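Report on the structure given below.
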Amino acid sequence: MARTEKNQQGKTRNGLQFYILPQREFGEKMSAILVKRGANHLFWKGKEGEEITFPQGTAHFIEHKLFQQEWGDAFAKFTQNGASANAFTDGDKTVYYFTCREKFMENLKLLLDFVQKPFFTKEDTEREKGIITSEITMYEDDPNWVVYYQMLEGMYGKHPIKNKIAGTAETVEKITAEILQKAYETYYTTENMVLVCTGDVPVGQVRAAAETVQSRRTDARVYFPMEETGILEKYKERNMGLSQPNFQIGFKLPAAKKEDWLRLRIAAGFYLELLAGESSPFFRKVYERELLDEPLGSAFFCGEGYAFAAFSGSGEYPEETAELLGKELERLQKNGLDWEDFRRIRKKMLGRFLRRMDAPQSLCLGQIEWAMMGVSAEEMLQTIKTMQKEEAEKLLQNAFTIDTMVLSVVR
Amino acid sequence: MAALEKYLPRCRIFLLDGQKFRTNLLVLFFDLPLERETATKTALLTEVLKRGEEPAKGARQAEELYGALWDISVVKKGDRQLLLFSLETLKTVETEDALSFLRERLLRPLEQGAFSEKAMERQKAILRRKLDSRKDDKKAFARRRALEETAEGTAFAISGDGYAEDLEEINGKNLFAWYQKIVETAEVKVFFCGDKEEKPKMLSLWQNFPGRVSVTEREEQESDRHEPPRFVQERTEAEQARLLLGFEADVENSRRQAALLLLNQLLGGDPDSLLFRKVREERGLCYDIKSYRYPLSPYLFVQAGIQEKDAKETGKLVLKCLDELKKQGVSAEKLRQAKESILRDYDGLADNPWAMVDFFAEQALQGKELRTEKFLRQVERVEPEDILRGANHLKLKTVYLLSGEADENGEN
C-alpha cells in the first residue's frame, strides 16, 4: 500500500505557497500551479480607489494564451520534454499542470517559468478569439452545461458566479492583449499562487525551484457585488429538443467566511448524501414512482461571496421530483439526521476520500481543491472522521431552505 | 486467418500487481460475441442485475464496504460485448466480503428461477429511455453514427448498448434463460489488481464457472475497401456542427497495429499533433479537433466541432494534412516524441489499476501475452516508413456531418 513520507507544506521567502506530497511507489509525477483567481474575479478597486472591470472570460482567455511564450509554444515544449501539460479555469481559480515520468525538474522549471512570463500579442489574441468562440459554442450544445448555468441565473443576480467561465462571444470580442496583460498583473500575484507536486519527486530540488519564483504584488483589491440572500426565479426552462428533460435543483445558501468553508463542505457532503443519495428514502420513493431511473448527482460549492448545493438528474417529471426533494428536506430538518445512516455515510466518505489520495494525479487535483480552503489532505481526513451529526445539522439546518430552491429544466 | 480451435478453462483468472494501491480492484466479465440478436438482452441485464427488485440494496451494502465503487455494465471492445462486473474496495475491506458482494450480484438472481415481470418492465423502460436519450449528447451521437456508417455490415457497427426496438420481444423468462446460458457457458475472465496474498481467495471463483470452452479464432471480416467514400449528413438541434471522417486502416499484424497507434498520435492525438496545429492553431477553424481509434477494430476517425459553413474547408484541410504526411513523411524527431508519449502512457499503466485491467483485458481478448514488454518493443520498432505505409493504407470510408436544423431556405 502507498506509504507517503512526510509531506511538506509552507511558503517560500517570496510568499509562494507549496504542498509537496511525495509518493515513492509511483512512476508518474505531477505538478500544478494553482492561481486563486478565476472567472469570478471581474471587479477590482485600484490603488486610488478607481474601478477596474475586466470583461467576462478574461481569466479563461489568459489560460489559453499563457502557454504562448516569446520563444515559442510552452505546450509543445512540454511534449518534447516527455510531459503532457494542460490547464483549466473555473469561477475561483486557474490551474496549469503537467504529468511526466522523466525530466520532472526540467518540466517543473518550465512550468514555473512560463506562468511568470506572459507574452500577449495583438495577432495571437485576435486569432484565439475564434478558437474560444468555437469552445463556447461547443458548450452551448451540452445540456448539462446549459442547465447548470440556467440554475445559477435563477439564483444569482449580481455575483459573477452566474457568468459562463469562458464568457460570451461578445465579451470575448472585447478582450485585447492590453486587457490580458493588465488582468495578468492583477491576478497572478505570488500570494495567490500555490505549487502542488505529487509522485516520486525530489523534495529538496522542488523547494529550491519554488524559491526562484519572483515576488509579484498588486495594489488592486477584488470585490464582489453585494448579493441578495433570496433567489431571482424559482423556475427556469429552455428547450433544446431533448428526448428527456435534464434538470438541476439548486439551493442557494448564505455565503460563508473562508475559515468555515472546510467544515461546511464536509457537513454538506454528509447532508447531500443523506438527503438524496442512492441509499436514501428519497431515492427509493422517486424510483418506485418512476420519477427517476438513477440517483440525483449532487455537489456543494462555496467560495468568495457565494454558496450553493446542486442536484442534477434527468427524468420526465422534474417539478414533482423537486417537490419531493423539498419535502424530504423538510422531513430531515424536522426529524434530524438518522444516526445509523450518518455512520454508514461516514464510511462511504472516508473510503472515497482515501481512494482520491492514491494516485499522483488524483492526489494533486485533490490538493488543489483543498488548497483553495487552505488545508491539507490530513486536515480533510480528520474533519471527515470527526464531523458530528449534530454539527452537520447545526451548520445546515437553517441554511438549507426550500425558499431558496431553484429548479432549472432543459427539455 | 486460419481457424484454430483450442480448449481452454472457461474461467481464467489474471492477477495483477496492485501492492502499492490503497484499493483492490476486481473486474469479472463474460466475453460475448456482439450480435444483433443478443445485444439488447445483454444490455438489459445490466439494469436488471444492478437494481433488481431492491433498487437500493447494492448501494447500501457498498456504503458499508467503505463506499466500494461497483458497477455492472456493458463494454464494447471491437466486435465483442462484455458483460462486466467491477468492484473496487479499500484494502481494509476483507476480500471475502468483496467476493460475497460480487457473488450476490452475479449469482443470487439465478436462485429466483425467473426475473419478475414487474421489475423487468421498469428496467426495460429505463433502458429504452437511456437509448432514446443518447441522441441528446451530440458529440457521442455523431461518433456513434460515424462508426455505424463506416463499419456498416460488420459486427463493429452493432451497438453494445442495445436497440430500443428489440426490447419488445424480451420478457422475464427469455432474459432469465439468456443470463443462465451466459453464466453456465460463456467465457469468463477475471482480473484482480491487489495484494498477492489474496490470490487463493480469488481463485475460489473458478468453482463458480466450471468447464472448458472451445475457442475458435474468428475469420477476419473482409470489407470492400474499394467502395468510394460516402457522405452522410444529418441534422439535429445544435449550435455547432460536428464533422467526422471515418477511415479503415490496415491492422493485419502487430507491427501495423503499433504503426496505427503512432499514426493516430501524430495526426490528432495531442496538442502538438498535425491536425491540432494546422486546423486549430494556424487556421482557428475549431476548438475541438482530434483523431481517435476504437480498441480491437480497424478504424481511425477524425472529429472536429465546427461551424457548418466551414465543413467543406475543414474536411479538405484534414485530407490535405494527411496528404502532406504521405508526401513528406514524418521526421525522426516527431516520431520519437510520439513514441515517448505512447510509451509513457503504457508505462503509466502500473500506476492505475483500471487502466492496467483495461489494457490486459484487451491483450487477453486478442489472445496475446499479458505483458507490456512485447507490446512496447513493437511500438519502439516502428520506423517512419511504417507510418507512411499506414497513412497510405488509410481508406476514407465515410464523411459524416451532424449539423443544426436548416432554416426555411435550407441554410443553417
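All residue names refer to the C-alpha cells as shown: chains lettered A, B, ... in order, residues numbered from 1 in each chain, ligands numbered from 1 in order.
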Next on the checklist: I'd like the neighbourhood of segment 56-64 of chain B as JSON, numbers by chain, where a residue qualifies if any of its atoms comes within 12 Å (using only C-alpha atoms), though same-chain residues fewer than 2 positions away should be ignored.
Outcome noted: {"A": [273, 274, 276, 277, 278, 279, 280, 281, 282, 283, 284, 285, 286, 287, 288, 293, 294, 295, 340, 341, 342, 343, 344, 345, 346, 347, 348, 349, 350, 351, 352], "B": [49, 50, 51, 52, 53, 54, 66, 67, 68, 69, 70, 71, 72, 87, 88, 89, 90, 92, 93, 94, 97, 98, 100, 101, 102, 103, 104, 105, 106]}
Contacts between segment 119-131 of chain B and segment 147-256 of chain A, please, where a residue of segment 147-256 of chain A counts if it comes within 12 Å (with only C-alpha atoms); show its shortest atom pair and distance in Å to one decimal, rows by chain and ascending number, as a tab-separated table.
```
residue	atom	partner	partner_atom	distance
A:Leu242	CA	B:Arg129	CA	11.3
A:Ser243	CA	B:Arg129	CA	8.0
A:Gln244	CA	B:Arg129	CA	7.6
A:Pro245	CA	B:Arg129	CA	10.9
```
File of the preceding selection, all heavy atoms, as a PDB file, in the first residue's frame:
```pdb
ATOM      1  N   LEU A 242     -34.549  17.854 -26.298  1.00  0.00           N
ATOM      2  CA  LEU A 242     -34.034  16.618 -25.680  1.00  0.00           C
ATOM      3  C   LEU A 242     -35.117  15.533 -25.658  1.00  0.00           C
ATOM      4  O   LEU A 242     -36.307  15.831 -25.639  1.00  0.00           O
ATOM      5  CB  LEU A 242     -33.581  16.883 -24.235  1.00  0.00           C
ATOM      6  CG  LEU A 242     -32.481  17.911 -24.025  1.00  0.00           C
ATOM      7  CD1 LEU A 242     -32.054  17.916 -22.560  1.00  0.00           C
ATOM      8  CD2 LEU A 242     -31.287  17.598 -24.912  1.00  0.00           C
ATOM      9  N   SER A 243     -34.686  14.293 -25.607  1.00  0.00           N
ATOM     10  CA  SER A 243     -35.646  13.200 -25.551  1.00  0.00           C
ATOM     11  C   SER A 243     -36.247  13.116 -24.146  1.00  0.00           C
ATOM     12  O   SER A 243     -37.354  12.651 -23.966  1.00  0.00           O
ATOM     13  CB  SER A 243     -34.951  11.893 -25.895  1.00  0.00           C
ATOM     14  OG  SER A 243     -33.961  11.635 -24.937  1.00  0.00           O
ATOM     15  N   GLN A 244     -35.499  13.552 -23.166  1.00  0.00           N
ATOM     16  CA  GLN A 244     -35.965  13.510 -21.784  1.00  0.00           C
ATOM     17  C   GLN A 244     -35.419  14.749 -21.063  1.00  0.00           C
ATOM     18  O   GLN A 244     -34.238  15.082 -21.237  1.00  0.00           O
ATOM     19  CB  GLN A 244     -35.431  12.246 -21.115  1.00  0.00           C
ATOM     20  CG  GLN A 244     -35.761  12.173 -19.653  1.00  0.00           C
ATOM     21  CD  GLN A 244     -35.557  10.772 -19.090  1.00  0.00           C
ATOM     22  OE1 GLN A 244     -36.492  10.050 -18.819  1.00  0.00           O
ATOM     23  NE2 GLN A 244     -34.317  10.384 -18.902  1.00  0.00           N
ATOM     24  N   PRO A 245     -36.255  15.414 -20.246  1.00  0.00           N
ATOM     25  CA  PRO A 245     -35.758  16.635 -19.590  1.00  0.00           C
ATOM     26  C   PRO A 245     -34.527  16.373 -18.710  1.00  0.00           C
ATOM     27  O   PRO A 245     -34.418  15.337 -18.069  1.00  0.00           O
ATOM     28  CB  PRO A 245     -36.941  17.080 -18.727  1.00  0.00           C
ATOM     29  CG  PRO A 245     -38.141  16.456 -19.347  1.00  0.00           C
ATOM     30  CD  PRO A 245     -37.670  15.163 -19.943  1.00  0.00           C
TER      31      PRO A 245
END
```
So that I can check the secondary structure, give me every residue of segment 149-340 of chain A assigned strand (DSSP E) by backbone DSSP, as a compact mmCIF listing (two decimals) with all heavy atoms, in the first residue's frame.
```txt
# COMPACT_ATOMS: atom_id res chain seq x y z
N MET A 193 -0.78 32.36 -5.48
CA MET A 193 -0.37 31.18 -6.23
C MET A 193 0.10 30.07 -5.30
O MET A 193 0.67 30.34 -4.25
CB MET A 193 0.73 31.56 -7.24
CG MET A 193 0.13 32.34 -8.41
SD MET A 193 1.31 33.27 -9.38
CE MET A 193 2.18 31.99 -10.21
N VAL A 194 -0.17 28.85 -5.71
CA VAL A 194 0.20 27.69 -4.91
C VAL A 194 0.83 26.65 -5.83
O VAL A 194 0.32 26.41 -6.92
CB VAL A 194 -1.06 27.05 -4.24
CG1 VAL A 194 -0.65 25.89 -3.34
CG2 VAL A 194 -1.86 28.08 -3.47
N LEU A 195 1.92 26.07 -5.37
CA LEU A 195 2.57 25.00 -6.13
C LEU A 195 2.23 23.66 -5.47
O LEU A 195 2.39 23.53 -4.25
CB LEU A 195 4.08 25.22 -6.16
CG LEU A 195 4.93 24.07 -6.73
CD1 LEU A 195 4.69 23.93 -8.23
CD2 LEU A 195 6.41 24.31 -6.45
N VAL A 196 1.76 22.71 -6.25
CA VAL A 196 1.48 21.37 -5.71
C VAL A 196 2.28 20.35 -6.52
O VAL A 196 2.25 20.37 -7.75
CB VAL A 196 -0.03 21.03 -5.80
CG1 VAL A 196 -0.31 19.65 -5.21
CG2 VAL A 196 -0.88 22.08 -5.11
N CYS A 197 3.01 19.47 -5.83
CA CYS A 197 3.76 18.41 -6.52
C CYS A 197 3.44 17.07 -5.86
O CYS A 197 3.46 16.97 -4.63
CB CYS A 197 5.26 18.64 -6.43
SG CYS A 197 5.81 20.11 -7.28
N THR A 198 3.18 16.06 -6.69
CA THR A 198 2.92 14.72 -6.16
C THR A 198 3.69 13.68 -6.97
O THR A 198 4.15 13.96 -8.07
CB THR A 198 1.41 14.38 -6.24
OG1 THR A 198 0.99 14.53 -7.61
CG2 THR A 198 0.56 15.27 -5.38
N GLY A 199 3.80 12.48 -6.42
CA GLY A 199 4.56 11.43 -7.10
C GLY A 199 5.98 11.37 -6.55
O GLY A 199 6.28 11.97 -5.52
N ARG A 221 -7.61 45.61 -5.31
CA ARG A 221 -8.34 44.69 -4.41
C ARG A 221 -9.62 44.23 -5.09
O ARG A 221 -10.39 45.04 -5.59
CB ARG A 221 -8.68 45.40 -3.08
CG ARG A 221 -7.48 45.63 -2.18
CD ARG A 221 -6.99 44.32 -1.55
NE ARG A 221 -5.62 44.41 -1.07
CZ ARG A 221 -4.56 43.88 -1.67
NH1 ARG A 221 -4.68 43.24 -2.81
NH2 ARG A 221 -3.35 43.99 -1.16
N VAL A 222 -9.83 42.94 -5.06
CA VAL A 222 -11.03 42.40 -5.70
C VAL A 222 -12.24 42.64 -4.81
O VAL A 222 -12.12 42.71 -3.59
CB VAL A 222 -10.86 40.89 -5.98
CG1 VAL A 222 -10.84 40.07 -4.69
CG2 VAL A 222 -11.92 40.37 -6.94
N TYR A 235 -38.16 28.99 -11.07
CA TYR A 235 -38.21 28.01 -12.15
C TYR A 235 -37.71 28.63 -13.45
O TYR A 235 -38.11 29.72 -13.82
CB TYR A 235 -39.66 27.54 -12.33
CG TYR A 235 -39.82 26.50 -13.41
CD1 TYR A 235 -39.52 25.17 -13.16
CD2 TYR A 235 -40.27 26.85 -14.69
CE1 TYR A 235 -39.66 24.21 -14.16
CE2 TYR A 235 -40.41 25.91 -15.69
CZ TYR A 235 -40.10 24.58 -15.42
OH TYR A 235 -40.24 23.64 -16.40
N LYS A 236 -36.82 27.94 -14.11
CA LYS A 236 -36.35 28.41 -15.43
C LYS A 236 -36.34 27.21 -16.38
O LYS A 236 -36.00 26.10 -15.97
CB LYS A 236 -34.95 29.02 -15.32
CG LYS A 236 -34.95 30.43 -14.74
CD LYS A 236 -33.55 30.99 -14.65
CE LYS A 236 -33.11 31.66 -15.93
NZ LYS A 236 -33.73 32.98 -16.14
N GLU A 237 -36.65 27.48 -17.62
CA GLU A 237 -36.77 26.37 -18.56
C GLU A 237 -36.25 26.79 -19.93
O GLU A 237 -36.34 27.94 -20.32
CB GLU A 237 -38.26 26.01 -18.66
CG GLU A 237 -38.56 24.91 -19.61
CD GLU A 237 -40.05 24.61 -19.72
OE1 GLU A 237 -40.66 24.24 -18.70
OE2 GLU A 237 -40.58 24.76 -20.82
N ARG A 238 -35.72 25.82 -20.65
CA ARG A 238 -35.29 26.10 -22.02
C ARG A 238 -35.49 24.84 -22.87
O ARG A 238 -35.36 23.74 -22.35
CB ARG A 238 -33.80 26.47 -22.02
CG ARG A 238 -33.35 26.98 -23.36
CD ARG A 238 -31.92 27.42 -23.34
NE ARG A 238 -31.28 27.04 -24.59
CZ ARG A 238 -30.00 27.20 -24.85
NH1 ARG A 238 -29.22 27.74 -23.94
NH2 ARG A 238 -29.50 26.83 -26.00
N ASN A 246 -33.66 17.34 -18.73
CA ASN A 246 -32.46 17.33 -17.92
C ASN A 246 -32.66 18.47 -16.92
O ASN A 246 -33.13 19.53 -17.31
CB ASN A 246 -31.31 17.64 -18.89
CG ASN A 246 -29.97 17.37 -18.30
OD1 ASN A 246 -29.78 17.52 -17.10
ND2 ASN A 246 -29.03 16.99 -19.14
N PHE A 247 -32.37 18.24 -15.64
CA PHE A 247 -32.66 19.34 -14.70
C PHE A 247 -31.63 19.45 -13.58
O PHE A 247 -30.85 18.53 -13.34
CB PHE A 247 -34.07 19.19 -14.11
CG PHE A 247 -34.28 17.91 -13.35
CD1 PHE A 247 -33.99 17.81 -12.01
CD2 PHE A 247 -34.78 16.77 -14.00
CE1 PHE A 247 -34.18 16.62 -11.32
CE2 PHE A 247 -34.98 15.59 -13.32
CZ PHE A 247 -34.67 15.51 -11.97
N GLN A 248 -31.64 20.62 -12.97
CA GLN A 248 -30.81 20.88 -11.79
C GLN A 248 -31.71 21.52 -10.74
O GLN A 248 -32.50 22.41 -11.06
CB GLN A 248 -29.69 21.88 -12.11
CG GLN A 248 -28.62 21.34 -13.02
CD GLN A 248 -27.30 21.03 -12.30
OE1 GLN A 248 -27.11 21.41 -11.14
NE2 GLN A 248 -26.40 20.35 -12.98
N ILE A 249 -31.57 21.02 -9.52
CA ILE A 249 -32.29 21.63 -8.41
C ILE A 249 -31.23 22.25 -7.51
O ILE A 249 -30.36 21.55 -7.00
CB ILE A 249 -33.09 20.58 -7.60
CG1 ILE A 249 -34.01 19.78 -8.54
CG2 ILE A 249 -33.89 21.25 -6.50
CD1 ILE A 249 -34.58 18.51 -7.92
N GLY A 250 -31.30 23.58 -7.39
CA GLY A 250 -30.26 24.26 -6.60
C GLY A 250 -30.84 24.84 -5.33
O GLY A 250 -32.00 25.23 -5.28
N PHE A 251 -30.01 24.87 -4.30
CA PHE A 251 -30.37 25.56 -3.05
C PHE A 251 -29.31 26.63 -2.81
O PHE A 251 -28.13 26.31 -2.67
CB PHE A 251 -30.37 24.59 -1.86
CG PHE A 251 -31.48 23.58 -1.91
CD1 PHE A 251 -31.30 22.35 -2.55
CD2 PHE A 251 -32.70 23.86 -1.32
CE1 PHE A 251 -32.32 21.42 -2.60
CE2 PHE A 251 -33.74 22.92 -1.37
CZ PHE A 251 -33.55 21.70 -2.01
N LYS A 252 -29.76 27.87 -2.80
CA LYS A 252 -28.81 28.95 -2.54
C LYS A 252 -28.64 29.10 -1.03
O LYS A 252 -29.63 29.16 -0.29
CB LYS A 252 -29.36 30.25 -3.13
CG LYS A 252 -28.44 31.45 -3.00
CD LYS A 252 -29.06 32.64 -3.71
CE LYS A 252 -28.22 33.88 -3.55
NZ LYS A 252 -28.86 35.04 -4.22
N LEU A 253 -27.41 29.14 -0.59
CA LEU A 253 -27.12 29.25 0.85
C LEU A 253 -26.44 30.59 1.11
O LEU A 253 -25.82 31.16 0.21
CB LEU A 253 -26.20 28.11 1.28
CG LEU A 253 -26.85 26.79 1.67
CD1 LEU A 253 -27.46 26.10 0.48
CD2 LEU A 253 -25.82 25.87 2.32
N GLY A 297 -27.32 13.35 -9.04
CA GLY A 297 -25.94 13.71 -8.73
C GLY A 297 -25.99 14.89 -7.78
O GLY A 297 -26.95 15.66 -7.81
N SER A 298 -25.02 15.04 -6.90
CA SER A 298 -25.07 16.21 -6.03
C SER A 298 -23.69 16.79 -5.84
O SER A 298 -22.69 16.08 -5.92
CB SER A 298 -25.66 15.83 -4.67
OG SER A 298 -24.80 14.94 -4.00
N ALA A 299 -23.67 18.11 -5.61
CA ALA A 299 -22.39 18.77 -5.39
C ALA A 299 -22.63 20.02 -4.56
O ALA A 299 -23.73 20.60 -4.60
CB ALA A 299 -21.74 19.15 -6.72
N PHE A 300 -21.62 20.40 -3.80
CA PHE A 300 -21.73 21.61 -2.98
C PHE A 300 -20.62 22.56 -3.38
O PHE A 300 -19.48 22.14 -3.57
CB PHE A 300 -21.59 21.23 -1.49
CG PHE A 300 -21.76 22.39 -0.58
CD1 PHE A 300 -23.03 22.90 -0.32
CD2 PHE A 300 -20.66 23.01 0.00
CE1 PHE A 300 -23.20 24.00 0.51
CE2 PHE A 300 -20.82 24.11 0.83
CZ PHE A 300 -22.10 24.60 1.09
N PHE A 301 -20.97 23.81 -3.53
CA PHE A 301 -19.98 24.80 -3.97
C PHE A 301 -19.96 25.96 -2.99
O PHE A 301 -21.02 26.48 -2.62
CB PHE A 301 -20.36 25.36 -5.34
CG PHE A 301 -20.50 24.31 -6.41
CD1 PHE A 301 -21.70 23.63 -6.59
CD2 PHE A 301 -19.44 23.99 -7.24
CE1 PHE A 301 -21.84 22.65 -7.57
CE2 PHE A 301 -19.57 23.02 -8.23
CZ PHE A 301 -20.77 22.35 -8.40
N CYS A 302 -18.78 26.37 -2.56
CA CYS A 302 -18.73 27.63 -1.82
C CYS A 302 -17.42 28.34 -2.13
O CYS A 302 -16.39 27.71 -2.36
CB CYS A 302 -18.92 27.43 -0.32
SG CYS A 302 -17.63 26.49 0.49
N GLY A 303 -17.51 29.63 -2.18
CA GLY A 303 -16.34 30.45 -2.49
C GLY A 303 -16.60 31.86 -2.01
O GLY A 303 -17.53 32.09 -1.22
N TYR A 306 -20.36 33.40 -2.24
CA TYR A 306 -21.46 32.51 -2.67
C TYR A 306 -21.36 31.14 -2.02
O TYR A 306 -20.28 30.72 -1.59
CB TYR A 306 -21.45 32.35 -4.20
CG TYR A 306 -20.31 31.48 -4.70
CD1 TYR A 306 -20.48 30.10 -4.84
CD2 TYR A 306 -19.08 32.03 -5.03
CE1 TYR A 306 -19.44 29.30 -5.27
CE2 TYR A 306 -18.03 31.23 -5.47
CZ TYR A 306 -18.22 29.87 -5.60
OH TYR A 306 -17.19 29.07 -6.01
N ALA A 307 -22.48 30.48 -1.94
CA ALA A 307 -22.53 29.06 -1.52
C ALA A 307 -23.83 28.48 -2.05
O ALA A 307 -24.89 29.12 -1.97
CB ALA A 307 -22.48 28.93 0.00
N PHE A 308 -23.76 27.31 -2.63
CA PHE A 308 -25.00 26.64 -3.07
C PHE A 308 -24.78 25.14 -3.21
O PHE A 308 -23.66 24.67 -3.35
CB PHE A 308 -25.53 27.23 -4.39
CG PHE A 308 -24.59 27.07 -5.56
CD1 PHE A 308 -24.71 25.97 -6.42
CD2 PHE A 308 -23.62 28.01 -5.83
CE1 PHE A 308 -23.86 25.82 -7.51
CE2 PHE A 308 -22.76 27.87 -6.92
CZ PHE A 308 -22.88 26.77 -7.76
N ALA A 309 -25.90 24.43 -3.13
CA ALA A 309 -25.87 22.99 -3.37
C ALA A 309 -26.64 22.75 -4.66
O ALA A 309 -27.60 23.47 -4.95
CB ALA A 309 -26.53 22.25 -2.22
N ALA A 310 -26.21 21.76 -5.43
CA ALA A 310 -26.91 21.49 -6.69
C ALA A 310 -27.13 19.99 -6.85
O ALA A 310 -26.23 19.20 -6.62
CB ALA A 310 -26.10 22.03 -7.86
N PHE A 311 -28.34 19.64 -7.23
CA PHE A 311 -28.68 18.24 -7.53
C PHE A 311 -29.00 18.16 -9.02
O PHE A 311 -29.77 18.97 -9.53
CB PHE A 311 -29.92 17.80 -6.74
CG PHE A 311 -29.69 17.79 -5.25
CD1 PHE A 311 -29.97 18.91 -4.48
CD2 PHE A 311 -29.17 16.67 -4.63
CE1 PHE A 311 -29.75 18.90 -3.11
CE2 PHE A 311 -28.95 16.65 -3.27
CZ PHE A 311 -29.23 17.77 -2.51
N SER A 312 -28.41 17.18 -9.69
CA SER A 312 -28.66 17.09 -11.13
C SER A 312 -29.25 15.74 -11.48
O SER A 312 -28.95 14.73 -10.86
CB SER A 312 -27.34 17.27 -11.87
OG SER A 312 -26.41 16.30 -11.44
N GLY A 313 -30.11 15.75 -12.49
CA GLY A 313 -30.70 14.49 -12.91
C GLY A 313 -31.42 14.62 -14.22
O GLY A 313 -31.47 15.70 -14.82
N SER A 314 -31.96 13.50 -14.69
CA SER A 314 -32.83 13.60 -15.84
C SER A 314 -34.03 12.68 -15.61
O SER A 314 -33.89 11.59 -15.05
CB SER A 314 -32.08 13.24 -17.12
OG SER A 314 -31.75 11.89 -17.12
```
Item to check | Close residues, Asn163 of chain A itself excluded, 8 Å, only C-alpha atoms, min 5 positions apart in chain, as a ChimeraX atom specification | outcome: /A:39-40,56,149
Resulting file, chosen residues, N, CA, C and O atoms, as a tab-separated table (two decimals), in the first residue's frame:
```tsv
chain	number	residue	atom	x	y	z
A	39	ALA	N	-12.80	33.06	-13.17
A	39	ALA	CA	-13.81	33.82	-13.91
A	39	ALA	C	-14.62	34.78	-13.03
A	39	ALA	O	-15.20	35.74	-13.53
A	40	ASN	N	-14.64	34.52	-11.71
A	40	ASN	CA	-15.44	35.39	-10.83
A	40	ASN	C	-14.76	36.72	-10.51
A	40	ASN	O	-15.39	37.64	-10.02
A	56	GLN	N	-16.02	39.58	-19.07
A	56	GLN	CA	-16.23	38.16	-18.74
A	56	GLN	C	-15.38	37.30	-19.66
A	56	GLN	O	-15.29	37.54	-20.85
A	149	TYR	N	-25.95	26.51	-15.78
A	149	TYR	CA	-25.88	27.98	-15.79
A	149	TYR	C	-27.27	28.60	-15.68
A	149	TYR	O	-27.43	29.67	-15.09
```
Checklist entry - Taking the backbone alone, and naming residues the way the document does, which bits of segment 75-309 of chain B are alpha helix (DSSP H) by DSSP, as a ChimeraX atom specification? => result /B:95-106,108-111,117-132,138-150,172-185,199-203,254-268,274-275
Item to check | From A:Gly374, A:Pro254, A:Pro55, A:Gly72, residue lying nearest Lys117 of chain A [only C-alpha atoms] | outcome: A:Gly72
Next on the checklist: What's around segment 377-383 of chain B at 7 Å? Count only C-alpha atoms, leave out sequence neighbours fewer than 2 positions away in its own chain, and write the answer as JSON, numbers by chain.
Outcome noted: {"B": [255, 258, 259, 339, 373, 374, 375, 385, 386, 387]}
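In terms of minimum interatomic distance to Thr386 of chain A, A:Ala267 ranks closest within A:Ala220, A:Ala267, A:Met372, A:Leu325, counting only C-alpha atoms.
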Checklist entry - Nearest to Leu34 of chain A: which of A:Tyr184, A:Phe18, A:Phe224, A:Phe120 is it, counting only C-alpha atoms? => result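 Residue with the minimum atom-to-atom distance to Leu34 of chain A: A:Phe18.
Using only C-alpha atoms, the contacts of Gln214 of chain A at a cut-off of 9 Å, with sequence neighbours closer than 6 positions omitted, comprise Asn14, Leu16, Gln116 and Thr190 of chain A.
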Item to check | Residues near Ala43 of chain B, cut-off 9 Å, only C-alpha atoms, skip fewer than 5 positions along chain, as number ranges by chain | outcome: B: 38, 73-74, 83, 127, 160-162
Can those selected residues be exported to a file as a tab-separated table (two decimals), in the first residue's frame so that it contains all heavy atoms?
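Dumped everything to part.tsv:
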```tsv
chain	number	residue	atom	x	y	z
B	38	THR	N	-28.63	-10.71	-29.66
B	38	THR	CA	-28.48	-10.79	-28.20
B	38	THR	C	-28.01	-9.49	-27.56
B	38	THR	O	-28.02	-9.36	-26.33
B	38	THR	CB	-27.48	-11.89	-27.84
B	38	THR	OG1	-26.27	-11.67	-28.57
B	38	THR	CG2	-28.03	-13.27	-28.16
B	73	SER	N	-21.96	-3.38	-16.13
B	73	SER	CA	-22.09	-2.59	-17.36
B	73	SER	C	-21.79	-3.44	-18.57
B	73	SER	O	-21.32	-4.57	-18.46
B	73	SER	CB	-21.12	-1.41	-17.30
B	73	SER	OG	-19.80	-1.90	-17.14
B	74	VAL	N	-22.07	-2.86	-19.71
B	74	VAL	CA	-21.70	-3.50	-20.95
B	74	VAL	C	-20.56	-2.70	-21.56
B	74	VAL	O	-20.60	-1.49	-21.59
B	74	VAL	CB	-22.92	-3.53	-21.91
B	74	VAL	CG1	-22.46	-3.52	-23.33
B	74	VAL	CG2	-23.76	-4.76	-21.65
B	83	LEU	N	-20.08	-8.36	-20.73
B	83	LEU	CA	-20.98	-8.08	-19.61
B	83	LEU	C	-20.07	-8.07	-18.38
B	83	LEU	O	-19.54	-9.09	-17.98
B	83	LEU	CB	-22.05	-9.17	-19.49
B	83	LEU	CG	-22.99	-9.04	-18.28
B	83	LEU	CD1	-23.77	-7.74	-18.31
B	83	LEU	CD2	-23.97	-10.23	-18.23
B	127	LEU	N	-34.01	1.29	-19.79
B	127	LEU	CA	-33.08	1.13	-20.91
B	127	LEU	C	-33.60	1.87	-22.15
B	127	LEU	O	-32.84	2.50	-22.87
B	127	LEU	CB	-32.86	-0.36	-21.22
B	127	LEU	CG	-31.86	-0.63	-22.36
B	127	LEU	CD1	-30.49	-0.03	-22.06
B	127	LEU	CD2	-31.71	-2.14	-22.62
B	160	GLY	N	-23.39	-1.85	-28.66
B	160	GLY	CA	-23.28	-2.66	-27.44
B	160	GLY	C	-24.33	-2.27	-26.41
B	160	GLY	O	-24.59	-2.99	-25.46
B	161	ASP	N	-24.95	-1.09	-26.60
B	161	ASP	CA	-25.97	-0.62	-25.65
B	161	ASP	C	-27.34	-1.18	-25.96
B	161	ASP	O	-28.28	-0.98	-25.20
B	161	ASP	CB	-26.06	0.91	-25.69
B	161	ASP	CG	-24.74	1.56	-25.37
B	161	ASP	OD1	-23.96	0.97	-24.61
B	161	ASP	OD2	-24.47	2.67	-25.89
B	162	GLY	N	-27.48	-1.84	-27.11
B	162	GLY	CA	-28.76	-2.43	-27.47
B	162	GLY	C	-29.60	-1.51	-28.35
B	162	GLY	O	-29.15	-0.44	-28.75
```
Next on the checklist: Please list as a PyMOL selection string every residue within 8 Å of Met30 of chain A, counting only C-alpha atoms and excluding residues in the same chain fewer than 3 positions away.
Outcome noted: chain A and resi 97-100+197-199+360-361+364
Item to check | Gap from atom CA of Ile165 of chain A to atom CA of Arg37 of chain A - Å, one decimal | outcome: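 Interatomic distance, atom CA of Ile165 of chain A to atom CA of Arg37 of chain A: 11.9 Å.
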Checklist entry - Which is closest to Leu401 of chain B among B:Gly305, B:Gly211, B:Gly367, B:Pro55, if we use only C-alpha atoms? => result B:Gly305
